[in-house]
Structure formats: structure tokens, C-alpha cells
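Just below is one structure, and these are the notes that go with it.
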Amino acid sequence: IAFTVGLLLQNQEFLNSLVSTIINWAGPGQNNSITAMLHINQTQLDGLIGNSNQTINQWADSIIGQIPALGFQLLVFFLSFSVFLYKGEELYHSSFAMLPENLKEPVRHLTHTAVDTLYAIYVVQLIIVIITLILALPFFYFLGFGHVLFFGTLAGLLKIVPILGPSILMAFLAVYAFSISDMTALALLIFIGYPVVCAFPY
């Protein structure tokens, strides 16, 4: 965890530079290739971007207003997690002892099944993350954007996110590649990055 957090923090400025490049490319007053290709009125696009920024700011304000409630919920979660971590077996056995005899065997069977299923999910998910990292490192090396370990680790972490996973990273980098007119990188992301890094590990 410390390695991952340190890696993300070390590459924060690089990530900010990628975002800034995309914003400058798509921002107000910029006549980029997409608007020309799709015959989009730049004034309308600027208005849409302005409305999007306003929506994002409103969303951020609402999130900031919810921080105290979220903090309390996190506190309750970690306290509950600690109780179950240190006293889980004791709580289980005391609750199990209060069950009627005819329910004990089905509950015991259900408990073992649930535990085995969860362990299987965790192990498979960990294997998928490792496979994704192994596949991502050579791909990002040949992609040519640098920061190979950062992108590989980020792809592995995003594999935990249901459905979308590293596709978020690939879509972001595809937009960045288009914004700097790097069509080779864009083709690699679409035809190699997505199938190999995103789809294959599943």
C-alpha cells in the first residue's frame, strides 16, 4: 500500500500535466481537430464545456458539504471492522449458540460456503490484478509515454473497479493521444491496449 501511494504521489505532477494538456486542447477558444471533423460549432462547444465545469463545481461543493457525514460513516465502518476483526469469532460463536438446534447445521453449512466463496473471489481478483500488471508493463513501455511503472500499477489497481476497470485509463490516454495528435499511440491503445490489458485477464 505504501509503495502504491508513494508511486501515485510521485507521478501526481505528470498526471496533472496530462489533464492540463487535454483541457487546453478541448478548452474554450481552441479549434481542435474533433470540432472540425464533426462540424461542431466552437461557440456551442465552449458553452457546453462551461456548463460542464459549473456542474462539476456544484458536484464538488455538494461532496465537500457531505464530508462530516462521510467522516462519521467512515469512523463507524472502521470501528465495526475492528470489532469484527478482533472479536469476530467470539461474536459468531455466541450468536450461533443462541440458534435453535434445527437451524445450527444449515447456518454452519451456509457460513462455510460463504467464507470459501469470498476467499475464492479475493484470490481470483488478486491473480487478475497481477496478470494485468504483468501485461501492462511491456505495453506501456512500447506505448512511449514513459512512467511505465506508474501506468502499469494504475491499470492493476483499476482492475478492482467493476465492469470499467483499466478501460478508464485507456480511454483517458486515448483522449490524451488524440489531443497531442499521436495517432500511433491512439491505435496501440485501441487495438492492443484494450484487448490485451483490459479484456484478456478476465
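FYI, nothing fancy with the C-alpha cells labels: chains A, B, ... in order, residues from 1 per chain, ligands from 1 as they appear.
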Per-residue nearest contacts range 116-181 of chain A to range 189-198 of chain A, cut-off 12 Å, using only C-alpha atoms, as CSV:
residue,atom,partner,partner_atom,distance
A:Ile128,CA,A:Cys198,CA,10.3
A:Val129,CA,A:Val197,CA,10.3
A:Ile130,CA,A:Val197,CA,11.2
A:Ile131,CA,A:Val197,CA,8.7
A:Thr132,CA,A:Val197,CA,5.8
A:Leu133,CA,A:Val197,CA,8.2
A:Ile134,CA,A:Val197,CA,9.0
A:Leu135,CA,A:Val197,CA,5.9
A:Ala136,CA,A:Val197,CA,5.7
A:Leu137,CA,A:Val197,CA,9.5
A:Pro138,CA,A:Val197,CA,10.2
A:Phe139,CA,A:Gly193,CA,6.9
A:Phe140,CA,A:Gly193,CA,8.5
A:Tyr141,CA,A:Gly193,CA,11.5
A:Phe142,CA,A:Gly193,CA,10.6
A:Leu143,CA,A:Leu189,CA,8.0
A:Gly144,CA,A:Leu189,CA,11.3
A:Phe145,CA,A:Leu189,CA,11.6
A:Phe151,CA,A:Val197,CA,11.3
A:Gly152,CA,A:Val197,CA,9.5
A:Thr153,CA,A:Val197,CA,11.8
A:Leu154,CA,A:Val197,CA,11.6
A:Ala155,CA,A:Val197,CA,7.9
A:Gly156,CA,A:Val197,CA,9.1
A:Leu157,CA,A:Cys198,CA,11.9
A:Leu158,CA,A:Cys198,CA,9.7
A:Lys159,CA,A:Cys198,CA,7.9
A:Ile160,CA,A:Cys198,CA,11.5
A:Val161,CA,A:Cys198,CA,11.5
A:Pro162,CA,A:Cys198,CA,11.7
A:Ile163,CA,A:Cys198,CA,10.0
A:Leu164,CA,A:Cys198,CA,8.7
A:Gly165,CA,A:Cys198,CA,7.2
A:Pro166,CA,A:Cys198,CA,5.7
A:Ser167,CA,A:Cys198,CA,6.1
A:Ile168,CA,A:Cys198,CA,9.6
A:Leu169,CA,A:Cys198,CA,9.7
A:Met170,CA,A:Leu189,CA,6.3
A:Ala171,CA,A:Leu189,CA,8.3
A:Phe172,CA,A:Leu189,CA,10.1
A:Leu173,CA,A:Leu189,CA,7.7
A:Ala174,CA,A:Leu189,CA,6.4
A:Val175,CA,A:Leu189,CA,10.2
A:Tyr176,CA,A:Leu189,CA,10.9
A:Ala177,CA,A:Leu189,CA,9.0
A:Phe178,CA,A:Leu189,CA,10.9
Please return, as number ranges by chain, all residues of range 117-165 of chain A that DSSP assigns to helix (DSSP H, G or I) on the basis of the backbone. A: 117-143, 148-158
Take the selection from the previous step and output its residues with N, CA and C atoms, as a short mmCIF file (atom, residue, chain, number, x, y, z; two decimals), in the first residue's frame.
data_model
loop_
_atom_site.label_atom_id
_atom_site.label_comp_id
_atom_site.auth_asym_id
_atom_site.auth_seq_id
_atom_site.Cartn_x
_atom_site.Cartn_y
_atom_site.Cartn_z
N THR A 117 -16.41 -19.00 -0.62
CA THR A 117 -16.71 -18.20 -1.81
C THR A 117 -15.96 -16.87 -1.79
N LEU A 118 -15.97 -16.21 -0.64
CA LEU A 118 -15.27 -14.92 -0.51
C LEU A 118 -13.77 -15.08 -0.70
N TYR A 119 -13.20 -16.12 -0.10
CA TYR A 119 -11.77 -16.36 -0.30
C TYR A 119 -11.45 -16.60 -1.77
N ALA A 120 -12.30 -17.37 -2.45
CA ALA A 120 -12.09 -17.63 -3.88
C ALA A 120 -12.14 -16.34 -4.69
N ILE A 121 -13.10 -15.47 -4.36
CA ILE A 121 -13.21 -14.19 -5.07
C ILE A 121 -11.96 -13.34 -4.84
N TYR A 122 -11.49 -13.28 -3.59
CA TYR A 122 -10.30 -12.48 -3.29
C TYR A 122 -9.08 -13.00 -4.02
N VAL A 123 -8.90 -14.33 -4.00
CA VAL A 123 -7.72 -14.92 -4.64
C VAL A 123 -7.76 -14.70 -6.15
N VAL A 124 -8.92 -14.95 -6.77
CA VAL A 124 -9.05 -14.74 -8.22
C VAL A 124 -8.83 -13.28 -8.59
N GLN A 125 -9.39 -12.37 -7.79
CA GLN A 125 -9.21 -10.94 -8.07
C GLN A 125 -7.75 -10.54 -7.97
N LEU A 126 -7.04 -11.07 -6.98
CA LEU A 126 -5.62 -10.77 -6.82
C LEU A 126 -4.82 -11.30 -8.01
N ILE A 127 -5.15 -12.51 -8.47
CA ILE A 127 -4.46 -13.08 -9.62
C ILE A 127 -4.70 -12.21 -10.87
N ILE A 128 -5.95 -11.75 -11.05
CA ILE A 128 -6.28 -10.90 -12.20
C ILE A 128 -5.49 -9.60 -12.15
N VAL A 129 -5.37 -9.01 -10.96
CA VAL A 129 -4.60 -7.76 -10.80
C VAL A 129 -3.14 -8.00 -11.18
N ILE A 130 -2.56 -9.11 -10.73
CA ILE A 130 -1.16 -9.41 -11.03
C ILE A 130 -0.96 -9.64 -12.53
N ILE A 131 -1.88 -10.40 -13.16
CA ILE A 131 -1.78 -10.64 -14.60
C ILE A 131 -1.89 -9.33 -15.37
N THR A 132 -2.81 -8.47 -14.94
CA THR A 132 -2.96 -7.17 -15.59
C THR A 132 -1.68 -6.35 -15.50
N LEU A 133 -1.06 -6.34 -14.33
CA LEU A 133 0.19 -5.60 -14.14
C LEU A 133 1.29 -6.15 -15.05
N ILE A 134 1.39 -7.48 -15.13
CA ILE A 134 2.43 -8.11 -15.97
C ILE A 134 2.23 -7.76 -17.44
N LEU A 135 0.97 -7.75 -17.89
CA LEU A 135 0.67 -7.42 -19.29
C LEU A 135 0.81 -5.93 -19.57
N ALA A 136 0.51 -5.10 -18.56
CA ALA A 136 0.51 -3.65 -18.76
C ALA A 136 1.92 -3.08 -18.87
N LEU A 137 2.87 -3.63 -18.14
CA LEU A 137 4.23 -3.06 -18.12
C LEU A 137 4.87 -3.04 -19.51
N PRO A 138 4.92 -4.17 -20.25
CA PRO A 138 5.51 -4.08 -21.59
C PRO A 138 4.69 -3.22 -22.56
N PHE A 139 3.36 -3.24 -22.38
CA PHE A 139 2.54 -2.43 -23.28
C PHE A 139 2.84 -0.95 -23.10
N PHE A 140 2.87 -0.47 -21.86
CA PHE A 140 3.13 0.96 -21.63
C PHE A 140 4.58 1.32 -21.96
N TYR A 141 5.48 0.34 -21.90
CA TYR A 141 6.86 0.60 -22.32
C TYR A 141 6.90 0.92 -23.81
N PHE A 142 6.22 0.11 -24.61
CA PHE A 142 6.20 0.33 -26.07
C PHE A 142 5.29 1.49 -26.47
N LEU A 143 4.36 1.87 -25.60
CA LEU A 143 3.47 2.99 -25.91
C LEU A 143 4.24 4.29 -26.05
N VAL A 148 6.28 4.03 -16.95
CA VAL A 148 5.75 2.68 -17.20
C VAL A 148 5.21 2.06 -15.93
N LEU A 149 5.98 2.13 -14.84
CA LEU A 149 5.55 1.51 -13.59
C LEU A 149 4.29 2.18 -13.05
N PHE A 150 4.19 3.48 -13.22
CA PHE A 150 3.00 4.21 -12.77
C PHE A 150 1.77 3.75 -13.52
N PHE A 151 1.83 3.71 -14.84
CA PHE A 151 0.68 3.30 -15.63
C PHE A 151 0.34 1.83 -15.39
N GLY A 152 1.36 0.99 -15.26
CA GLY A 152 1.11 -0.43 -15.01
C GLY A 152 0.43 -0.66 -13.68
N THR A 153 0.91 0.03 -12.65
CA THR A 153 0.30 -0.10 -11.32
C THR A 153 -1.12 0.43 -11.32
N LEU A 154 -1.33 1.56 -12.00
CA LEU A 154 -2.67 2.15 -12.07
C LEU A 154 -3.63 1.21 -12.80
N ALA A 155 -3.17 0.57 -13.86
CA ALA A 155 -4.01 -0.39 -14.59
C ALA A 155 -4.38 -1.57 -13.69
N GLY A 156 -3.40 -2.06 -12.91
CA GLY A 156 -3.67 -3.16 -11.99
C GLY A 156 -4.67 -2.78 -10.92
N LEU A 157 -4.51 -1.58 -10.35
CA LEU A 157 -5.44 -1.13 -9.31
C LEU A 157 -6.85 -0.95 -9.86
N LEU A 158 -6.93 -0.40 -11.06
CA LEU A 158 -8.25 -0.16 -11.66
C LEU A 158 -8.97 -1.46 -12.00
#
